[in-house]
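All remarks here apply to the structure that follows.
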Amino acid sequence: MSIDSPVDLSDIETLEDQASNLRQEIADKNKYVKRLIDQLRELVTDIGTWQSPCPV
């Protein structure tokens with residue numbers, strides 16, 4: 001069985017497509033997670049502001 005057989009090349013192309021799709025999905029999810037972390041950071045800052053004593 002040769003590495004250059006049509007079946008092997010087709011399988012390789014399919015796997016490369018799947019890998020590319022997975023890389024894109026990870027990139028999209030990383031952007032979403034970054035946005036969530038930024039929102040959480042803002043929320044923690046807001047809570048810290050609310051809990052600090054008011055100047056009199």
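Letters A, B, ... mark the chains of the structure tokens in the order given; residue numbers begin at 1 per chain; ligand numbers begin at 1, in order shown.
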Exercise for review: Among the residues of chain A, find those DSSP assigns to alpha helix (DSSP H) from the backbone and print them as a PyMOL selection string.
Suggested key: chain A and resi 6-51
